[in-house]
$ cat data-v5.cif   # mmCIF, C-alpha atoms
data_entry
loop_
_atom_site.group_PDB
_atom_site.id
_atom_site.type_symbol
_atom_site.label_atom_id
_atom_site.label_comp_id
_atom_site.auth_asym_id
_atom_site.auth_seq_id
_atom_site.Cartn_x
_atom_site.Cartn_y
_atom_site.Cartn_z
ATOM 1 C CA MET A 1 13.016 -8.953 1.337
ATOM 2 C CA TYR A 2 11.535 -9.205 4.816
ATOM 3 C CA ILE A 3 9.898 -6.984 7.403
ATOM 4 C CA ARG A 4 10.088 -8.048 11.029
ATOM 5 C CA LEU A 5 7.857 -6.453 13.678
ATOM 6 C CA ARG A 6 8.822 -6.932 17.319
ATOM 7 C CA HIS A 7 6.384 -5.893 20.070
ATOM 8 C CA VAL A 8 5.085 -2.979 17.993
ATOM 9 C CA THR A 9 2.930 -0.730 20.166
ATOM 10 C CA LYS A 10 1.399 2.686 19.534
ATOM 11 C CA LYS A 11 -0.382 4.623 22.256
ATOM 12 C CA ILE A 12 -2.249 7.901 22.027
ATOM 13 C CA LYS A 13 -2.902 9.111 25.565
ATOM 14 C CA GLN A 14 -3.890 5.866 27.315
ATOM 15 C CA GLU A 15 -5.386 4.116 24.289
ATOM 16 C CA LYS A 16 -3.344 1.389 22.565
ATOM 17 C CA LEU A 17 -3.975 1.629 18.824
ATOM 18 C CA LEU A 18 -1.365 -1.068 18.195
ATOM 19 C CA ASP A 19 -0.801 -3.499 21.033
ATOM 20 C CA ASP A 20 2.357 -5.630 21.178
ATOM 21 C CA ILE A 21 2.322 -6.834 17.550
ATOM 22 C CA SER A 22 5.080 -9.234 16.491
ATOM 23 C CA PHE A 23 5.059 -10.631 12.954
ATOM 24 C CA GLU A 24 7.335 -11.273 9.976
ATOM 25 C CA PHE A 25 6.416 -10.472 6.363
ATOM 26 C CA GLN A 26 8.291 -12.309 3.610
ATOM 27 C CA GLY A 27 8.823 -11.326 -0.028
ATOM 28 C CA GLY A 28 6.717 -12.893 -2.745
ATOM 29 C CA LYS A 29 3.482 -12.895 -0.733
ATOM 30 C CA VAL A 30 0.285 -10.862 -0.461
ATOM 31 C CA TYR A 31 -0.827 -10.291 3.130
ATOM 32 C CA GLY A 32 -4.423 -9.280 3.787
ATOM 33 C CA LEU A 33 -5.284 -7.343 6.960
ATOM 34 C CA GLN A 34 -8.778 -8.170 8.173
ATOM 35 C CA GLY A 35 -10.735 -6.504 10.966
ATOM 36 C CA LYS A 36 -13.428 -4.012 11.863
ATOM 37 C CA ASN A 37 -13.092 -0.262 11.336
ATOM 38 C CA GLY A 38 -10.779 1.213 13.957
ATOM 39 C CA CYS A 39 -9.112 -2.122 14.765
ATOM 40 C CA GLY A 40 -5.626 -0.871 13.817
ATOM 41 C CA LYS A 41 -5.204 -1.972 10.175
ATOM 42 C CA THR A 42 -4.433 1.479 8.761
ATOM 43 C CA MET A 43 -2.323 2.410 11.787
ATOM 44 C CA LEU A 44 -0.200 -0.709 11.232
ATOM 45 C CA MET A 45 0.270 0.200 7.568
ATOM 46 C CA ARG A 46 1.293 3.733 8.538
ATOM 47 C CA ALA A 47 3.775 2.345 11.055
ATOM 48 C CA ILE A 48 5.417 0.100 8.440
ATOM 49 C CA CYS A 49 5.621 3.078 6.039
ATOM 50 C CA GLY A 50 7.466 5.056 8.732
ATOM 51 C CA LEU A 51 4.681 7.644 8.981
ATOM 52 C CA ILE A 52 4.271 7.312 12.746
ATOM 53 C CA THR A 53 6.730 6.774 15.575
ATOM 54 C CA LEU A 54 6.163 3.815 17.863
ATOM 55 C CA THR A 55 5.561 4.005 21.578
ATOM 56 C CA GLU A 56 7.322 0.674 22.009
ATOM 57 C CA GLY A 57 8.851 -2.025 19.827
ATOM 58 C CA GLU A 58 10.747 -1.934 16.545
ATOM 59 C CA ILE A 59 10.366 -2.577 12.833
ATOM 60 C CA ASP A 60 13.276 -4.190 10.996
ATOM 61 C CA ILE A 61 13.346 -3.969 7.190
ATOM 62 C CA ASN A 62 16.075 -6.097 5.617
ATOM 63 C CA GLY A 63 18.321 -5.612 8.613
ATOM 64 C CA GLU A 64 17.729 -1.876 8.981
ATOM 65 C CA ARG A 65 15.698 -0.516 11.869
ATOM 66 C CA LEU A 66 12.985 1.973 10.993
ATOM 67 C CA HIS A 67 13.525 5.407 12.599
ATOM 68 C CA LYS A 68 17.069 4.427 13.585
ATOM 69 C CA ASP A 69 18.937 3.337 10.456
ATOM 70 C CA ILE A 70 16.320 4.605 7.987
ATOM 71 C CA SER A 71 13.387 7.031 8.243
ATOM 72 C CA PHE A 72 11.258 5.237 5.662
ATOM 73 C CA PRO A 73 11.438 1.916 3.790
ATOM 74 C CA ARG A 74 13.944 2.278 0.950
ATOM 75 C CA ASP A 75 11.660 0.977 -1.803
ATOM 76 C CA VAL A 76 7.975 1.420 -1.021
ATOM 77 C CA GLY A 77 4.782 2.315 -2.857
ATOM 78 C CA ALA A 78 1.671 3.078 -0.835
ATOM 79 C CA LEU A 79 -1.980 4.006 -1.177
ATOM 80 C CA LEU A 80 -3.303 5.004 2.227
ATOM 81 C CA GLU A 81 -6.838 6.302 2.563
ATOM 82 C CA ASN A 82 -7.911 8.528 -0.353
ATOM 83 C CA PRO A 83 -5.477 9.208 -3.232
ATOM 84 C CA SER A 84 -4.483 12.849 -3.711
ATOM 85 C CA PHE A 85 -3.056 14.382 -6.880
ATOM 86 C CA LEU A 86 -2.774 17.770 -8.605
ATOM 87 C CA ASN A 87 -6.227 18.660 -9.936
ATOM 88 C CA GLY A 88 -5.101 20.558 -13.033
ATOM 89 C CA TYR A 89 -2.919 17.820 -14.519
ATOM 90 C CA THR A 90 -3.598 14.533 -16.312
ATOM 91 C CA GLY A 91 -2.960 11.162 -14.744
ATOM 92 C CA LEU A 92 0.235 10.690 -16.742
ATOM 93 C CA GLU A 93 1.498 14.156 -15.805
ATOM 94 C CA ASN A 94 0.857 13.451 -12.125
ATOM 95 C CA LEU A 95 2.806 10.205 -12.338
ATOM 96 C CA LYS A 96 5.646 12.013 -14.123
ATOM 97 C CA PHE A 97 5.942 14.459 -11.228
ATOM 98 C CA LEU A 98 6.255 11.555 -8.785
ATOM 99 C CA ALA A 99 8.659 9.681 -11.048
ATOM 100 C CA ASP A 100 10.902 12.738 -11.347
ATOM 101 C CA ILE A 101 11.188 12.846 -7.555
ATOM 102 C CA GLN A 102 12.149 9.173 -7.428
ATOM 103 C CA GLY A 103 14.360 9.438 -10.507
ATOM 104 C CA LYS A 104 13.891 5.850 -11.604
ATOM 105 C CA VAL A 105 10.743 5.371 -13.718
ATOM 106 C CA LYS A 106 10.681 6.362 -17.405
ATOM 107 C CA GLU A 107 7.636 7.615 -19.300
ATOM 108 C CA LYS A 108 7.188 4.382 -21.236
ATOM 109 C CA GLU A 109 6.929 2.441 -17.984
ATOM 110 C CA LEU A 110 4.467 4.979 -16.590
ATOM 111 C CA LYS A 111 2.204 4.528 -19.603
ATOM 112 C CA GLU A 112 2.394 0.759 -19.243
ATOM 113 C CA CYS A 113 1.537 1.076 -15.558
ATOM 114 C CA LEU A 114 -1.545 3.191 -16.333
ATOM 115 C CA THR A 115 -2.698 0.641 -18.903
ATOM 116 C CA LYS A 116 -2.264 -2.206 -16.424
ATOM 117 C CA VAL A 117 -4.640 -0.590 -13.907
ATOM 118 C CA GLY A 118 -7.196 0.220 -16.622
ATOM 119 C CA LEU A 119 -6.466 3.869 -17.420
ATOM 120 C CA ASP A 120 -5.731 5.404 -20.823
ATOM 121 C CA ALA A 121 -2.255 6.938 -20.787
ATOM 122 C CA GLU A 122 -3.284 9.301 -23.605
ATOM 123 C CA ASP A 123 -6.408 10.581 -21.812
ATOM 124 C CA LYS A 124 -6.193 14.399 -21.715
ATOM 125 C CA ARG A 125 -8.718 14.818 -18.937
ATOM 126 C CA VAL A 126 -7.250 16.427 -15.835
ATOM 127 C CA TYR A 127 -7.493 14.771 -12.439
ATOM 128 C CA ARG A 128 -10.388 16.924 -11.208
ATOM 129 C CA LYS A 129 -12.564 15.426 -13.962
ATOM 130 C CA TYR A 130 -11.774 11.846 -13.016
ATOM 131 C CA SER A 131 -14.474 9.590 -11.571
ATOM 132 C CA LEU A 132 -13.894 8.059 -8.114
ATOM 133 C CA GLY A 133 -12.883 4.781 -9.745
ATOM 134 C CA MET A 134 -10.377 6.506 -12.035
ATOM 135 C CA LYS A 135 -8.873 8.363 -9.076
ATOM 136 C CA GLN A 136 -8.495 5.088 -7.221
ATOM 137 C CA LYS A 137 -6.822 3.446 -10.205
ATOM 138 C CA LEU A 138 -4.371 6.343 -10.466
ATOM 139 C CA GLY A 139 -3.570 5.936 -6.779
ATOM 140 C CA ILE A 140 -2.796 2.256 -7.360
ATOM 141 C CA ALA A 141 -0.674 3.127 -10.407
ATOM 142 C CA ALA A 142 1.334 5.580 -8.302
ATOM 143 C CA ALA A 143 1.870 2.926 -5.626
ATOM 144 C CA VAL A 144 3.035 0.165 -7.972
ATOM 145 C CA MET A 145 5.031 2.127 -10.572
ATOM 146 C CA GLY A 146 8.619 0.995 -10.695
ATOM 147 C CA SER A 147 7.692 -2.352 -9.050
ATOM 148 C CA PRO A 148 8.674 -1.426 -5.468
ATOM 149 C CA LYS A 149 9.778 -4.171 -3.115
ATOM 150 C CA LEU A 150 7.122 -3.144 -0.593
ATOM 151 C CA VAL A 151 3.579 -2.229 -1.648
ATOM 152 C CA ILE A 152 0.954 -1.135 0.869
ATOM 153 C CA LEU A 153 -2.633 -0.675 -0.321
ATOM 154 C CA ASP A 154 -5.484 0.379 1.966
ATOM 155 C CA GLU A 155 -8.870 -0.433 0.384
ATOM 156 C CA PRO A 156 -7.423 -0.623 -3.166
ATOM 157 C CA ILE A 157 -10.617 -1.773 -4.890
ATOM 158 C CA ASN A 158 -12.835 0.986 -3.479
ATOM 159 C CA ALA A 159 -15.123 2.374 -6.263
ATOM 160 C CA ILE A 160 -13.524 0.093 -8.893
ATOM 161 C CA ASP A 161 -15.700 -2.098 -11.122
ATOM 162 C CA GLU A 162 -15.185 -5.851 -11.567
ATOM 163 C CA THR A 163 -13.019 -5.431 -14.677
ATOM 164 C CA GLY A 164 -10.799 -3.023 -12.768
ATOM 165 C CA VAL A 165 -10.623 -5.390 -9.807
ATOM 166 C CA GLU A 166 -9.389 -8.164 -12.096
ATOM 167 C CA LYS A 167 -6.658 -5.843 -13.353
ATOM 168 C CA VAL A 168 -5.632 -5.045 -9.769
ATOM 169 C CA ARG A 169 -5.385 -8.765 -9.021
ATOM 170 C CA LYS A 170 -3.135 -9.249 -12.038
ATOM 171 C CA VAL A 171 -0.879 -6.323 -11.065
ATOM 172 C CA LEU A 172 -0.468 -7.698 -7.541
ATOM 173 C CA SER A 173 0.257 -11.165 -8.913
ATOM 174 C CA GLU A 174 3.025 -9.762 -11.117
ATOM 175 C CA LEU A 175 4.564 -7.902 -8.186
ATOM 176 C CA LYS A 176 4.391 -11.012 -6.033
ATOM 177 C CA GLN A 177 6.211 -13.012 -8.692
ATOM 178 C CA LYS A 178 8.960 -10.370 -8.633
ATOM 179 C CA GLY A 179 9.399 -10.937 -4.898
ATOM 180 C CA SER A 180 7.598 -7.897 -3.502
ATOM 181 C CA ILE A 181 5.870 -7.838 -0.130
ATOM 182 C CA ILE A 182 2.282 -6.674 -0.590
ATOM 183 C CA ILE A 183 0.173 -5.649 2.404
ATOM 184 C CA THR A 184 -3.452 -4.773 1.782
ATOM 185 C CA ALA A 185 -6.756 -4.255 3.577
ATOM 186 C CA CYS A 186 -10.249 -4.583 2.142
ATOM 187 C CA HIS A 187 -13.726 -4.503 3.672
ATOM 188 C CA ASP A 188 -14.890 -7.162 1.216
ATOM 189 C CA LYS A 189 -13.815 -10.381 2.959
ATOM 190 C CA GLU A 190 -14.318 -12.534 -0.123
ATOM 191 C CA GLU A 191 -12.201 -10.223 -2.272
ATOM 192 C CA LEU A 192 -9.529 -10.038 0.436
ATOM 193 C CA MET A 193 -9.326 -13.822 0.416
ATOM 194 C CA MET A 194 -8.894 -13.795 -3.374
ATOM 195 C CA LEU A 195 -6.182 -11.130 -3.252
ATOM 196 C CA SER A 196 -4.192 -12.574 -0.359
ATOM 197 C CA ASP A 197 -1.889 -15.510 0.274
ATOM 198 C CA GLU A 198 -2.175 -15.035 4.039
ATOM 199 C CA ILE A 199 -4.845 -13.321 6.144
ATOM 200 C CA ILE A 200 -3.830 -11.421 9.279
ATOM 201 C CA ARG A 201 -6.788 -10.833 11.586
ATOM 202 C CA ILE A 202 -6.581 -7.747 13.788
ATOM 203 C CA SER A 203 -8.805 -6.833 16.720
ATOM 204 C CA LYS A 204 -8.293 -3.913 19.118
ATOM 205 C CA GLY A 205 -4.762 -3.374 17.865
ATOM 206 C CA ARG A 206 -3.658 -6.985 18.274
ATOM 207 C CA ILE A 207 -3.148 -9.873 15.858
ATOM 208 C CA THR A 208 -5.661 -12.599 16.715
ATOM 209 C CA VAL A 209 -5.776 -16.262 15.668
#

$ encode --input "data-v5.cif" --output "structure tokens"
Amino acid sequence: MYIRLRHVTKKIKQEKLLDDISFEFQGGKVYGLQGKNGCGKTMLMRAICGLITLTEGEIDINGERLHKDISFPRDVGALLENPSFLNGYTGLENLKFLADIQGKVKEKELKECLTKVGLDAEDKRVYRKYSLGMKQKLGIAAAVMGSPKLVILDEPINAIDETGVEKVRKVLSELKQKGSIIITACHDKEELMMLSDEIIRISKGRITV
């Protein structure tokens, strides 16, 4: 698994949100994006997910060009900004809806995934009654269920306690061992260092040394 970015640029009007980024991500590694708010971290994640079109450049995923050969990565799980689920359903029911769309994750695996992130698969509370931390954990569970080859997590530990953070680390470690590419961003620099194998520093839409 690899993702190759060549001269990736995104402009809105005259502002460059991503500015001539070239980089290659390899499977079996966790990459941490580091930079100030508005530097381009989330925009880069959205670009790799296929959620925006580029002004210039290209993104190659395992030999297929994004927005030419494929519209989205073939096997991706993502948590971008705040998680969003159906308020009147439990966490397990929400994951079932997503799994049915993908057609590849069975209920037993969904329950195991919930347990791994620190949620009770048998909890009958509906999503609207979840705490912020529980909602975040469900968002992570949705992103990692089925062990996708590409996992993108924007601020995954937001509102999660230390025990939950340890569980997130373990989940990412398991995915890494399976060969997944994991791209994450976190305001906590120390935690980002612990989560990541390689830090990518971004400033004003560019990768800096």

$ resolve_selection --input "data-v5.cif" --expression "the PyMOL selection byres ((chain A and resi 33-50) around 6)" --output "list in words"
Leu17, Gly32, Leu51, Ile52, Phe72, Ala185, Ile200, Arg201, Ile202, Ser203, Lys204 and Gly205 of chain A

$ closest_residue --input "data-v5.cif" --among "A:Lys178, A:Leu195, A:Thr208, A:Ile152" --to "Ile21 of chain A" --atoms "all atoms listed in the file"
A:Thr208

$ resolve_selection --input "data-v5.cif" --expression "the PyMOL selection byres ((chain A and resi 159) around 7)" --output "PyMOL selection string"
chain A and resi 132-133+157-158+160-161

$ closest_residue --input "data-v5.cif" --among "A:Lys108, A:Lys116, A:Lys16, A:His67" --to "Thr163 of chain A" --atoms "all atoms listed in the file"
A:Lys116

$ closest_residue --input "data-v5.cif" --among "A:Asp154, A:Glu198, A:Glu190, A:Glu174" --to "Asn82 of chain A" --atoms "only C-alpha atoms"
A:Asp154

$ closest_residue --input "data-v5.cif" --among "A:Ile199, A:Tyr89, A:Glu15, A:Ala99" --to "Ile183 of chain A" --atoms "all atoms listed in the file"
A:Ile199

$ atom_distance --input "data-v5.cif" --atom1 "atom CA of Gly27 of chain A" --atom2 "atom CA of Lys176 of chain A"
7.5 Å

$ decode --input "data-v5.cif" --residues "segment 74-101 of chain A" --atoms "N, CA and C atoms" --output "PDB file, in the first residue's frame"
ATOM      1  N   ARG A  74     -10.020   3.104  -2.409  1.00  0.00           N
ATOM      2  CA  ARG A  74     -10.848   1.894  -2.427  1.00  0.00           C
ATOM      3  C   ARG A  74     -11.134   1.341  -1.026  1.00  0.00           C
ATOM      4  N   ASP A  75     -10.225   1.549  -0.095  1.00  0.00           N
ATOM      5  CA  ASP A  75     -10.387   0.952   1.232  1.00  0.00           C
ATOM      6  C   ASP A  75      -9.931   1.956   2.275  1.00  0.00           C
ATOM      7  N   VAL A  76     -10.856   2.833   2.684  1.00  0.00           N
ATOM      8  CA  VAL A  76     -10.504   3.936   3.570  1.00  0.00           C
ATOM      9  C   VAL A  76     -11.508   4.056   4.705  1.00  0.00           C
ATOM     10  N   GLY A  77     -11.006   4.417   5.881  1.00  0.00           N
ATOM     11  CA  GLY A  77     -11.846   4.781   7.012  1.00  0.00           C
ATOM     12  C   GLY A  77     -11.381   6.137   7.507  1.00  0.00           C
ATOM     13  N   ALA A  78     -12.316   7.051   7.762  1.00  0.00           N
ATOM     14  CA  ALA A  78     -11.909   8.408   8.104  1.00  0.00           C
ATOM     15  C   ALA A  78     -12.782   9.013   9.194  1.00  0.00           C
ATOM     16  N   LEU A  79     -12.141   9.809  10.030  1.00  0.00           N
ATOM     17  CA  LEU A  79     -12.825  10.656  11.004  1.00  0.00           C
ATOM     18  C   LEU A  79     -12.299  12.062  10.777  1.00  0.00           C
ATOM     19  N   LEU A  80     -13.116  12.885  10.136  1.00  0.00           N
ATOM     20  CA  LEU A  80     -12.733  14.254   9.828  1.00  0.00           C
ATOM     21  C   LEU A  80     -13.662  15.213  10.565  1.00  0.00           C
ATOM     22  N   GLU A  81     -13.047  16.083  11.359  1.00  0.00           N
ATOM     23  CA  GLU A  81     -13.802  17.023  12.169  1.00  0.00           C
ATOM     24  C   GLU A  81     -14.720  16.265  13.130  1.00  0.00           C
ATOM     25  N   ASN A  82     -15.942  16.705  13.349  1.00  0.00           N
ATOM     26  CA  ASN A  82     -16.778  16.073  14.371  1.00  0.00           C
ATOM     27  C   ASN A  82     -17.528  14.872  13.804  1.00  0.00           C
ATOM     28  N   PRO A  83     -17.578  13.758  14.554  1.00  0.00           N
ATOM     29  CA  PRO A  83     -18.336  12.585  14.075  1.00  0.00           C
ATOM     30  C   PRO A  83     -19.826  12.898  14.019  1.00  0.00           C
ATOM     31  N   SER A  84     -20.534  12.265  13.112  1.00  0.00           N
ATOM     32  CA  SER A  84     -21.971  12.505  12.958  1.00  0.00           C
ATOM     33  C   SER A  84     -22.682  11.175  12.726  1.00  0.00           C
ATOM     34  N   PHE A  85     -23.667  10.892  13.575  1.00  0.00           N
ATOM     35  CA  PHE A  85     -24.410   9.639  13.476  1.00  0.00           C
ATOM     36  C   PHE A  85     -25.902   9.922  13.669  1.00  0.00           C
ATOM     37  N   LEU A  86     -26.713   8.883  13.533  1.00  0.00           N
ATOM     38  CA  LEU A  86     -28.164   9.015  13.706  1.00  0.00           C
ATOM     39  C   LEU A  86     -28.492   9.063  15.190  1.00  0.00           C
ATOM     40  N   ASN A  87     -29.125  10.135  15.623  1.00  0.00           N
ATOM     41  CA  ASN A  87     -29.344  10.395  17.050  1.00  0.00           C
ATOM     42  C   ASN A  87     -30.187   9.350  17.756  1.00  0.00           C
ATOM     43  N   GLY A  88     -31.154   8.756  17.049  1.00  0.00           N
ATOM     44  CA  GLY A  88     -32.104   7.860  17.698  1.00  0.00           C
ATOM     45  C   GLY A  88     -31.701   6.402  17.728  1.00  0.00           C
ATOM     46  N   TYR A  89     -30.444   6.111  17.404  1.00  0.00           N
ATOM     47  CA  TYR A  89     -29.979   4.724  17.352  1.00  0.00           C
ATOM     48  C   TYR A  89     -28.743   4.545  18.232  1.00  0.00           C
ATOM     49  N   THR A  90     -28.533   3.314  18.690  1.00  0.00           N
ATOM     50  CA  THR A  90     -27.367   3.008  19.522  1.00  0.00           C
ATOM     51  C   THR A  90     -26.093   3.039  18.683  1.00  0.00           C
ATOM     52  N   GLY A  91     -24.961   2.981  19.373  1.00  0.00           N
ATOM     53  CA  GLY A  91     -23.694   2.947  18.665  1.00  0.00           C
ATOM     54  C   GLY A  91     -23.583   1.737  17.751  1.00  0.00           C
ATOM     55  N   LEU A  92     -23.972   0.574  18.252  1.00  0.00           N
ATOM     56  CA  LEU A  92     -23.904  -0.643  17.443  1.00  0.00           C
ATOM     57  C   LEU A  92     -24.819  -0.547  16.234  1.00  0.00           C
ATOM     58  N   GLU A  93     -26.024  -0.016  16.421  1.00  0.00           N
ATOM     59  CA  GLU A  93     -26.954   0.118  15.298  1.00  0.00           C
ATOM     60  C   GLU A  93     -26.399   1.067  14.239  1.00  0.00           C
ATOM     61  N   ASN A  94     -25.769   2.154  14.674  1.00  0.00           N
ATOM     62  CA  ASN A  94     -25.168   3.078  13.716  1.00  0.00           C
ATOM     63  C   ASN A  94     -24.060   2.411  12.921  1.00  0.00           C
ATOM     64  N   LEU A  95     -23.228   1.610  13.598  1.00  0.00           N
ATOM     65  CA  LEU A  95     -22.172   0.908  12.878  1.00  0.00           C
ATOM     66  C   LEU A  95     -22.743  -0.125  11.908  1.00  0.00           C
ATOM     67  N   LYS A  96     -23.846  -0.760  12.308  1.00  0.00           N
ATOM     68  CA  LYS A  96     -24.486  -1.743  11.414  1.00  0.00           C
ATOM     69  C   LYS A  96     -24.942  -1.087  10.125  1.00  0.00           C
ATOM     70  N   PHE A  97     -25.520   0.112  10.233  1.00  0.00           N
ATOM     71  CA  PHE A  97     -25.958   0.825   9.029  1.00  0.00           C
ATOM     72  C   PHE A  97     -24.773   1.052   8.085  1.00  0.00           C
ATOM     73  N   LEU A  98     -23.649   1.495   8.642  1.00  0.00           N
ATOM     74  CA  LEU A  98     -22.464   1.730   7.821  1.00  0.00           C
ATOM     75  C   LEU A  98     -21.915   0.433   7.242  1.00  0.00           C
ATOM     76  N   ALA A  99     -21.916  -0.612   8.070  1.00  0.00           N
ATOM     77  CA  ALA A  99     -21.399  -1.908   7.618  1.00  0.00           C
ATOM     78  C   ALA A  99     -22.251  -2.484   6.497  1.00  0.00           C
ATOM     79  N   ASP A 100     -23.552  -2.284   6.572  1.00  0.00           N
ATOM     80  CA  ASP A 100     -24.448  -2.776   5.517  1.00  0.00           C
ATOM     81  C   ASP A 100     -24.136  -2.108   4.183  1.00  0.00           C
ATOM     82  N   ILE A 101     -23.782  -0.828   4.235  1.00  0.00           N
ATOM     83  CA  ILE A 101     -23.422  -0.111   3.004  1.00  0.00           C
ATOM     84  C   ILE A 101     -22.145  -0.703   2.418  1.00  0.00           C
TER      85      ILE A 101
END
